[in-house]
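Peer 1: Coordinates in entry15.txt, compact mmCIF, C-alpha atoms and all ligand atoms, are listed below.
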# COMPACT_ATOMS: atom_id res chain seq x y z
CA MET R 1 102.93 -42.56 -30.78
CA THR R 2 99.20 -42.29 -31.39
CA LEU R 3 96.68 -45.01 -30.74
CA ARG R 4 96.15 -45.46 -34.47
CA GLU R 5 99.86 -46.00 -35.05
CA LEU R 6 99.92 -48.56 -32.25
CA GLN R 7 96.95 -50.41 -33.67
CA GLY R 8 97.97 -50.08 -37.32
CA ASP R 9 95.59 -50.60 -40.24
CA GLY R 10 93.67 -53.37 -41.91
CA ALA R 11 92.42 -56.77 -40.77
CA GLU R 12 95.27 -57.35 -38.37
CA ALA R 13 94.52 -54.04 -36.69
CA LEU R 14 90.86 -55.03 -36.33
CA ASP R 15 91.85 -58.34 -34.70
CA ARG R 16 94.12 -56.53 -32.33
CA ALA R 17 91.46 -53.95 -31.41
CA ILE R 18 88.92 -56.74 -30.76
CA GLU R 19 91.42 -58.52 -28.54
CA LEU R 20 92.26 -55.35 -26.58
CA ALA R 21 88.57 -54.53 -26.17
CA ALA R 22 87.83 -58.03 -24.84
CA ARG R 23 90.71 -57.70 -22.40
CA LEU R 24 89.50 -54.33 -21.07
CA ILE R 25 85.95 -55.68 -20.68
CA ALA R 26 87.23 -58.77 -18.84
CA LEU R 27 89.22 -56.61 -16.43
CA ALA R 28 86.37 -54.20 -15.71
CA ASN R 29 83.86 -54.39 -12.85
CA HIS R 30 81.07 -52.31 -14.34
CA VAL R 31 80.73 -52.10 -18.11
CA VAL R 32 78.21 -49.71 -19.66
CA ALA R 33 77.35 -49.41 -23.37
CA LEU R 34 76.45 -45.95 -24.65
CA VAL R 35 74.52 -46.56 -27.85
CA GLY R 36 73.61 -44.16 -30.66
CA ALA R 37 71.83 -44.08 -34.02
CA GLY R 38 74.58 -46.04 -35.78
CA LEU R 39 73.36 -49.28 -34.22
CA SER R 40 69.77 -48.67 -35.34
CA ALA R 41 70.94 -47.65 -38.81
CA GLU R 42 72.39 -51.16 -39.17
CA SER R 43 68.81 -52.40 -38.69
CA GLY R 44 67.57 -50.13 -41.48
CA VAL R 45 66.23 -47.36 -39.24
CA PRO R 46 66.79 -44.07 -41.07
CA THR R 47 68.92 -41.50 -39.27
CA PHE R 48 68.04 -37.83 -38.89
CA ARG R 49 71.34 -36.21 -39.76
CA GLY R 50 73.67 -36.85 -42.68
CA PRO R 51 73.13 -36.98 -46.45
CA ASP R 52 70.21 -39.49 -46.34
CA GLY R 53 68.92 -38.19 -43.01
CA LEU R 54 65.22 -37.49 -42.56
CA TRP R 55 65.86 -33.89 -41.58
CA THR R 56 68.04 -33.40 -44.62
CA LYS R 57 65.22 -34.67 -46.85
CA HIS R 58 62.16 -33.31 -45.04
CA GLY R 59 63.50 -30.19 -43.37
CA GLU R 60 64.52 -29.39 -39.83
CA PRO R 61 62.25 -30.52 -37.03
CA ASP R 62 60.07 -28.17 -35.02
CA LEU R 63 62.39 -27.06 -32.25
CA ARG R 64 59.40 -25.74 -30.30
CA ASP R 65 57.69 -29.13 -30.28
CA TYR R 66 57.66 -29.54 -26.50
CA GLU R 67 56.76 -25.92 -25.93
CA ARG R 68 53.71 -26.37 -28.15
CA PHE R 69 52.76 -29.51 -26.23
CA VAL R 70 52.96 -27.67 -22.90
CA GLU R 71 50.95 -24.74 -24.28
CA ASP R 72 48.14 -26.88 -25.64
CA PRO R 73 48.36 -30.62 -24.94
CA LYS R 74 44.83 -31.20 -26.28
CA ARG R 75 45.76 -29.82 -29.67
CA TRP R 76 49.06 -31.72 -29.59
CA TRP R 77 47.17 -34.99 -29.20
CA GLU R 78 44.73 -34.01 -31.95
CA MET R 79 47.61 -33.23 -34.34
CA ARG R 80 49.46 -36.43 -33.47
CA GLN R 81 48.10 -38.38 -36.42
CA GLU R 82 48.94 -35.61 -38.88
CA ARG R 83 52.52 -35.40 -37.71
CA ALA R 84 52.82 -39.18 -37.92
CA SER R 85 52.00 -39.06 -41.64
CA ARG R 86 54.80 -36.56 -42.25
CA PHE R 87 57.22 -39.11 -40.89
CA ALA R 88 55.51 -42.13 -42.37
CA GLU R 89 58.81 -43.27 -43.85
CA LEU R 90 60.36 -43.36 -40.39
CA ALA R 91 57.33 -45.00 -38.80
CA GLN R 92 57.26 -47.72 -41.43
CA ALA R 93 60.99 -48.38 -41.11
CA LEU R 94 60.64 -48.55 -37.34
CA ASP R 95 57.67 -50.91 -37.52
CA THR R 96 59.58 -53.37 -39.67
CA ALA R 97 63.04 -53.00 -38.10
CA VAL R 98 64.47 -56.01 -36.31
CA PRO R 99 67.51 -56.22 -34.03
CA ASN R 100 70.83 -56.88 -35.76
CA ALA R 101 73.86 -58.90 -34.68
CA GLY R 102 75.10 -55.91 -32.65
CA HIS R 103 71.93 -55.86 -30.50
CA PHE R 104 72.17 -59.60 -29.92
CA ALA R 105 75.85 -59.35 -29.00
CA LEU R 106 74.95 -56.76 -26.34
CA ARG R 107 72.32 -59.14 -24.98
CA ASP R 108 74.95 -61.92 -24.92
CA LEU R 109 77.41 -59.71 -23.05
CA GLU R 110 74.74 -58.99 -20.43
CA GLU R 111 73.89 -62.68 -20.08
CA MET R 112 77.60 -63.48 -19.66
CA GLY R 113 77.81 -60.93 -16.84
CA ARG R 114 80.16 -58.75 -18.90
CA LEU R 115 77.80 -55.83 -19.49
CA GLN R 116 75.94 -54.19 -16.63
CA HIS R 117 73.91 -51.51 -18.39
CA ILE R 118 72.89 -50.02 -21.74
CA ILE R 119 72.32 -46.27 -22.10
CA THR R 120 70.67 -45.84 -25.46
CA GLN R 121 69.78 -42.74 -27.46
CA ASN R 122 67.58 -44.88 -29.71
CA ILE R 123 63.80 -44.97 -29.31
CA ASP R 124 63.09 -48.05 -31.40
CA ASN R 125 62.71 -50.71 -28.66
CA LEU R 126 65.20 -52.99 -30.48
CA HIS R 127 67.32 -53.67 -27.37
CA GLN R 128 64.23 -55.01 -25.59
CA ILE R 129 63.25 -57.12 -28.60
CA ALA R 130 66.79 -58.56 -28.65
CA GLY R 131 66.37 -59.52 -24.98
CA SER R 132 68.56 -57.01 -23.12
CA GLN R 133 67.30 -56.22 -19.60
CA ALA R 134 69.16 -53.30 -18.02
CA ILE R 135 68.41 -50.37 -20.33
CA THR R 136 68.01 -46.64 -19.87
CA GLU R 137 66.48 -44.80 -22.82
CA ILE R 138 67.54 -41.15 -22.64
CA HIS R 139 65.28 -40.16 -25.52
CA GLY R 140 62.39 -42.39 -24.55
CA ASN R 141 60.73 -45.30 -26.32
CA ARG R 142 58.32 -44.95 -29.23
CA THR R 143 56.23 -47.91 -28.08
CA LYS R 144 55.46 -46.28 -24.73
CA LEU R 145 53.57 -43.39 -23.18
CA ARG R 146 54.77 -41.38 -20.17
CA CYS R 147 53.26 -39.07 -17.57
CA VAL R 148 55.05 -35.72 -17.62
CA SER R 149 54.58 -35.33 -13.85
CA CYS R 150 55.40 -38.70 -12.24
CA ASN R 151 57.27 -40.32 -15.19
CA HIS R 152 55.15 -43.47 -14.98
CA ARG R 153 55.31 -45.31 -18.33
CA TRP R 154 52.86 -47.59 -20.14
CA PRO R 155 52.95 -49.55 -23.38
CA LEU R 156 51.18 -47.51 -26.06
CA GLU R 157 49.26 -50.59 -27.06
CA GLY R 158 46.40 -51.22 -24.69
CA PHE R 159 46.44 -47.79 -23.06
CA GLU R 160 42.88 -46.53 -23.14
CA ILE R 161 42.64 -42.90 -24.23
CA LYS R 162 39.29 -41.52 -23.06
CA GLU R 163 40.01 -37.82 -23.55
CA PHE R 164 42.55 -35.49 -25.14
CA PRO R 165 44.95 -35.04 -23.47
CA PRO R 166 44.85 -38.25 -21.41
CA LYS R 167 45.32 -37.86 -17.65
CA CYS R 168 47.71 -40.06 -15.71
CA PRO R 169 45.90 -42.99 -14.07
CA GLU R 170 48.69 -43.23 -11.46
CA CYS R 171 49.18 -39.74 -10.04
CA ARG R 172 45.81 -38.50 -11.43
CA SER R 173 47.17 -35.00 -12.02
CA GLY R 174 49.84 -35.34 -14.73
CA ILE R 175 49.25 -35.33 -18.47
CA VAL R 176 50.26 -38.30 -20.56
CA LYS R 177 52.34 -37.92 -23.74
CA GLY R 178 54.41 -40.15 -25.98
CA ASP R 179 57.54 -41.34 -24.14
CA THR R 180 59.81 -40.16 -26.98
CA VAL R 181 61.60 -37.01 -25.85
CA MET R 182 60.65 -34.02 -28.00
CA PHE R 183 62.69 -31.04 -29.07
CA GLY R 184 62.97 -28.67 -26.18
CA GLU R 185 61.78 -31.31 -23.72
CA PRO R 186 64.08 -32.01 -20.78
CA ILE R 187 65.41 -35.57 -20.48
CA PRO R 188 63.11 -37.29 -17.95
CA ARG R 189 64.69 -36.92 -14.51
CA ASP R 190 64.59 -40.63 -13.66
CA ALA R 191 66.43 -41.55 -16.87
CA LEU R 192 69.02 -38.82 -16.43
CA ASP R 193 69.66 -39.81 -12.79
CA GLU R 194 70.16 -43.43 -13.84
CA CYS R 195 72.65 -42.39 -16.54
CA ILE R 196 74.65 -40.31 -14.07
CA ASN R 197 74.58 -43.16 -11.58
CA GLN R 198 75.72 -45.68 -14.22
CA SER R 199 78.51 -43.41 -15.48
CA ARG R 200 79.74 -43.02 -11.91
CA MET R 201 79.95 -46.80 -11.38
CA CYS R 202 81.31 -47.44 -14.86
CA ASP R 203 84.97 -48.38 -15.26
CA CYS R 204 84.68 -49.35 -18.93
CA MET R 205 82.35 -47.73 -21.43
CA LEU R 206 81.57 -49.00 -24.93
CA LEU R 207 80.70 -46.18 -27.34
CA ILE R 208 78.61 -47.83 -30.01
CA GLY R 209 77.48 -46.06 -33.17
CA THR R 210 77.30 -42.71 -31.46
CA SER R 211 78.88 -39.51 -32.67
CA ALA R 212 78.49 -38.31 -29.07
CA VAL R 213 77.84 -34.69 -29.97
CA VAL R 214 74.44 -34.41 -28.32
CA TYR R 215 74.34 -33.58 -24.62
CA PRO R 216 73.85 -35.00 -22.05
CA ALA R 217 75.05 -38.26 -23.68
CA ALA R 218 78.26 -36.63 -24.87
CA GLY R 219 79.29 -35.93 -21.27
CA PHE R 220 79.09 -39.51 -19.93
CA PRO R 221 82.26 -40.85 -21.63
CA VAL R 222 84.16 -37.75 -20.52
CA ASP R 223 83.10 -38.44 -16.91
CA VAL R 224 84.16 -42.09 -17.17
CA ARG R 225 87.49 -41.09 -18.66
CA SER R 226 88.23 -38.46 -16.03
CA SER R 227 87.61 -40.97 -13.23
CA GLY R 228 90.14 -43.36 -14.79
CA GLY R 229 87.77 -45.68 -16.67
CA ALA R 230 88.47 -47.20 -20.08
CA LEU R 231 86.71 -46.17 -23.30
CA ILE R 232 86.19 -48.44 -26.29
CA GLU R 233 84.79 -46.99 -29.50
CA VAL R 234 82.91 -49.20 -31.96
CA ASN R 235 82.17 -47.05 -34.98
CA PRO R 236 82.97 -47.17 -38.70
CA ASN R 237 83.63 -43.42 -38.51
CA GLU R 238 85.82 -41.17 -36.47
CA THR R 239 84.01 -39.13 -33.79
CA PRO R 240 84.94 -36.25 -31.49
CA LEU R 241 85.50 -38.88 -28.75
CA THR R 242 87.92 -41.03 -30.75
CA GLU R 243 91.00 -39.37 -29.34
CA LEU R 244 89.85 -40.07 -25.77
CA CYS R 245 89.45 -43.79 -26.44
CA ASP R 246 91.79 -46.59 -25.30
CA VAL R 247 90.66 -48.86 -28.10
CA VAL R 248 89.03 -47.98 -31.41
CA ILE R 249 87.23 -50.65 -33.41
CA ARG R 250 86.64 -49.19 -36.88
CA ALA R 251 83.82 -51.48 -37.94
CA PRO R 252 80.02 -51.65 -37.80
CA SER R 253 78.78 -52.99 -34.46
CA GLY R 254 77.02 -55.91 -36.16
CA GLU R 255 80.44 -57.13 -37.27
CA ALA R 256 82.58 -56.08 -34.34
CA LEU R 257 80.51 -56.92 -31.27
CA PRO R 258 79.94 -60.62 -32.05
CA LEU R 259 83.74 -60.92 -32.44
CA VAL R 260 84.22 -59.35 -29.00
CA VAL R 261 81.69 -61.81 -27.54
CA ALA R 262 83.50 -64.73 -29.18
CA LYS R 263 86.85 -63.52 -27.86
CA LEU R 264 85.47 -63.23 -24.30
CA ARG R 265 83.96 -66.72 -24.53
CA THR R 266 87.28 -68.31 -25.41
CA ALA R 267 89.38 -66.23 -23.01
ZN ZN Q 301 51.53 -39.35 -13.31
As C-alpha cells, what does this structure read like?

Peer 2:
Amino acid sequence: MTLRELQGDGAEALDRAIELAARLIALANHVVALVGAGLSAESGVPTFRGPDGLWTKHGEPDLRDYERFVEDPKRWWEMRQERASRFAELAQALDTAVPNAGHFALRDLEEMGRLQHIITQNIDNLHQIAGSQAITEIHGNRTKLRCVSCNHRWPLEGFEIKEFPPKCPECRSGIVKGDTVMFGEPIPRDALDECINQSRMCDCMLLIGTSAVVYPAAGFPVDVRSSGGALIEVNPNETPLTELCDVVIRAPSGEALPLVVAKLRTA
C-alpha cells in the first residue's frame, strides 16, 4: 500500500497528514526545515522557473555570471545597476514582499523548541523579518554583502563603498560582492558546512515549497532519510522527493504550517 492510499484524499486526508506530521515533529530531537521558492511565492515573490517564471519571461540567466565577476570585479560592480533594472520586476516584488503565515509558523515552531534550524534557498530575508533565528541561507541574502575570501557579511545598507570593487574591511585582501550566490559561484563554504552539519544532526526534516532538484539542497533530505530520519513534505505539488517522504501535506505552507503549530500546541 502506498503512502497516498494510506492517507487517502480530501480534507480528512489533510487532517490526518497534519496530525502525523505533528507527531513526528514531537518525537524528533533535531528538526530542520529545508525551504524553497514555494514559500516565497506565497508572499508574492516571483519564481524563476515555471510558466510565470522570470527566466521564462525574460530569458535564461547568464550562466557565466560568477566567472565574469572573477574576471573583472570592477566592471561587475559598475554594471550592477544596469542588471538591476533588467530584473526591476523582481526587485520591486522583493522590496514589498512580507512574510506569510508559513514564515510565522516556522518562527513559532522555533520559539516552541520544535524546530532547530532553517536551511533556506530563498534570498529574500523574509525568515529574518518573521523573527526566525537559526537560519542558513545556501543562496545568500539579497540585503547583504559578502567577502569572497573570508565570507564575512555586512548589511548592504550602511556599507560604505569607496572604490569599485570594494575591498574587505575585515581581512583587507578579499573582494566584496553581493551575498546572493551567482550562477557558477560555489555555495559559500561556511553555509555549506552548516547545512551538512545540520543534516547530520537532523532526525526529522520538513521539505517546504521546494522541488528539491537543485544540488546541494536536493541531497540533504536523502542524507536524512538514509540515516533513518523522518521526512515531511509540505507542498501543493508532487516533487521528486515525495516518494521518500513519511508524510505528505498537499497544501500551501501558509495553510498547512499554522495547523501543524496548532496541533503541537494542543498535544
Ligand atoms: Zn574578507

Peer 1: If the limit is 8 Å from any atom of ligand ZN 301 (chain Q), counting only C-alpha atoms and all ligand atoms, which residues qualify? Return them as a PyMOL selection string.

Peer 2: chain R and resi 146-152+167-176

Peer 1: Using only C-alpha atoms, which residue out of R:Cys195, R:Pro236, R:Cys245, R:Leu109 lies closest to Ile135 (chain R)?

Peer 2: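 The shortest atom-to-atom distance to Ile135 (chain R) comes from R:Cys195.
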
Peer 1: Considering only C-alpha atoms, return as a count of residues only whatever protein or nucleic-acid residues lie within 10 Å of Glu42 (chain R), sequence-local ones (same chain, fewer than 5 positions apart) excluded.

Peer 2: 12

Peer 1: Between R:Gln121, R:Thr56, R:Gln128, R:Gln116, which residue has the minimum interatomic distance to Ser199 (chain R), considering only C-alpha atoms?

Peer 2: R:Gln116

Peer 1: For Pro155 (chain R), which residue among R:Asp246, R:Glu71, R:Asp179, R:Glu12 is the nearest when counting all atoms listed in the file?

Peer 2: R:Asp179

Peer 1: Mind dumping a table of every region 146-248 of chain R residue within 7 Å of region 28-36 of chain R, with the nearest atom pair and its distance in Å to one decimal, using all atoms listed in the file, sorted by chain and rising number, as JSON lines?

Peer 2:
{"residue": "R:Met201", "atom": "CA", "partner": "R:His30", "partner_atom": "CA", "distance": 6.4}
{"residue": "R:Cys202", "atom": "CA", "partner": "R:His30", "partner_atom": "CA", "distance": 4.9}
{"residue": "R:Asp203", "atom": "CA", "partner": "R:His30", "partner_atom": "CA", "distance": 5.6}
{"residue": "R:Cys204", "atom": "CA", "partner": "R:Val31", "partner_atom": "CA", "distance": 4.9}
{"residue": "R:Met205", "atom": "CA", "partner": "R:Val32", "partner_atom": "CA", "distance": 4.9}
{"residue": "R:Leu206", "atom": "CA", "partner": "R:Ala33", "partner_atom": "CA", "distance": 4.5}
{"residue": "R:Leu207", "atom": "CA", "partner": "R:Leu34", "partner_atom": "CA", "distance": 5.0}
{"residue": "R:Ile208", "atom": "CA", "partner": "R:Val35", "partner_atom": "CA", "distance": 4.8}
{"residue": "R:Gly209", "atom": "CA", "partner": "R:Gly36", "partner_atom": "CA", "distance": 5.0}
{"residue": "R:Thr210", "atom": "CA", "partner": "R:Gly36", "partner_atom": "CA", "distance": 4.0}

Peer 1: Determine the nearest neighbour of Pro165 (chain R) from the options R:Leu264, R:Val45, R:Val70, R:Ala26, counting all atoms listed in the file.

Peer 2: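 Nearest candidate to Pro165 (chain R) out of R:Leu264, R:Val45, R:Val70, R:Ala26: R:Val70.
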
Peer 1: Skipping near chain neighbours, those fewer than 6 positions away, what residues fall within 7 Å of region 80-95 of chain R using all atoms listed in the file, listed as number ranges by chain?

Peer 2: R: 44-46, 124

Peer 1: Please save C-alpha atoms of the selected residues as a PDB file, in the frame of the given file.

Peer 2:
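Wrote it out as part39.pdb, contents follow:
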ATOM      1  CA  GLY R  44      67.570 -50.130 -41.480  1.00  0.00           C
ATOM      2  CA  VAL R  45      66.230 -47.360 -39.240  1.00  0.00           C
ATOM      3  CA  PRO R  46      66.790 -44.070 -41.070  1.00  0.00           C
ATOM      4  CA  ASP R 124      63.090 -48.050 -31.400  1.00  0.00           C
TER       5      ASP R 124
END

Peer 1: Could you tell me how far CA of Thr242 (chain R) sits from CA of Thr47 (chain R), in Å to one decimal place?

Peer 2: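 So the answer is 20.8 Å.
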
Peer 1: Would you mind reading off the distance between CA of Glu19 (chain R) and CA of Arg114 (chain R), one decimal, in Å?

Peer 2: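 Result for CA of Glu19 (chain R) versus CA of Arg114 (chain R): 14.8 Å, one decimal.
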
Peer 1: In Å, with one decimal, what is the gap from CA of His127 (chain R) to CA of Thr143 (chain R)?

Peer 2: 12.5 Å

Peer 1: Return the single residue from R:Asp72, R:Asp15, R:Glu243, R:Asp193 that is closest to Lys177 (chain R), with distances computed using all atoms listed in the file.

Peer 2: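 Once distances to Lys177 (chain R) are computed over all atoms listed in the file, the minimum belongs to R:Asp72.
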
Peer 1: Which residue out of R:Ile196, R:Ile25, R:Val261, R:Leu14 has the minimum interatomic distance to Gly229 (chain R) when all atoms listed in the file are used?

Peer 2: R:Ile25
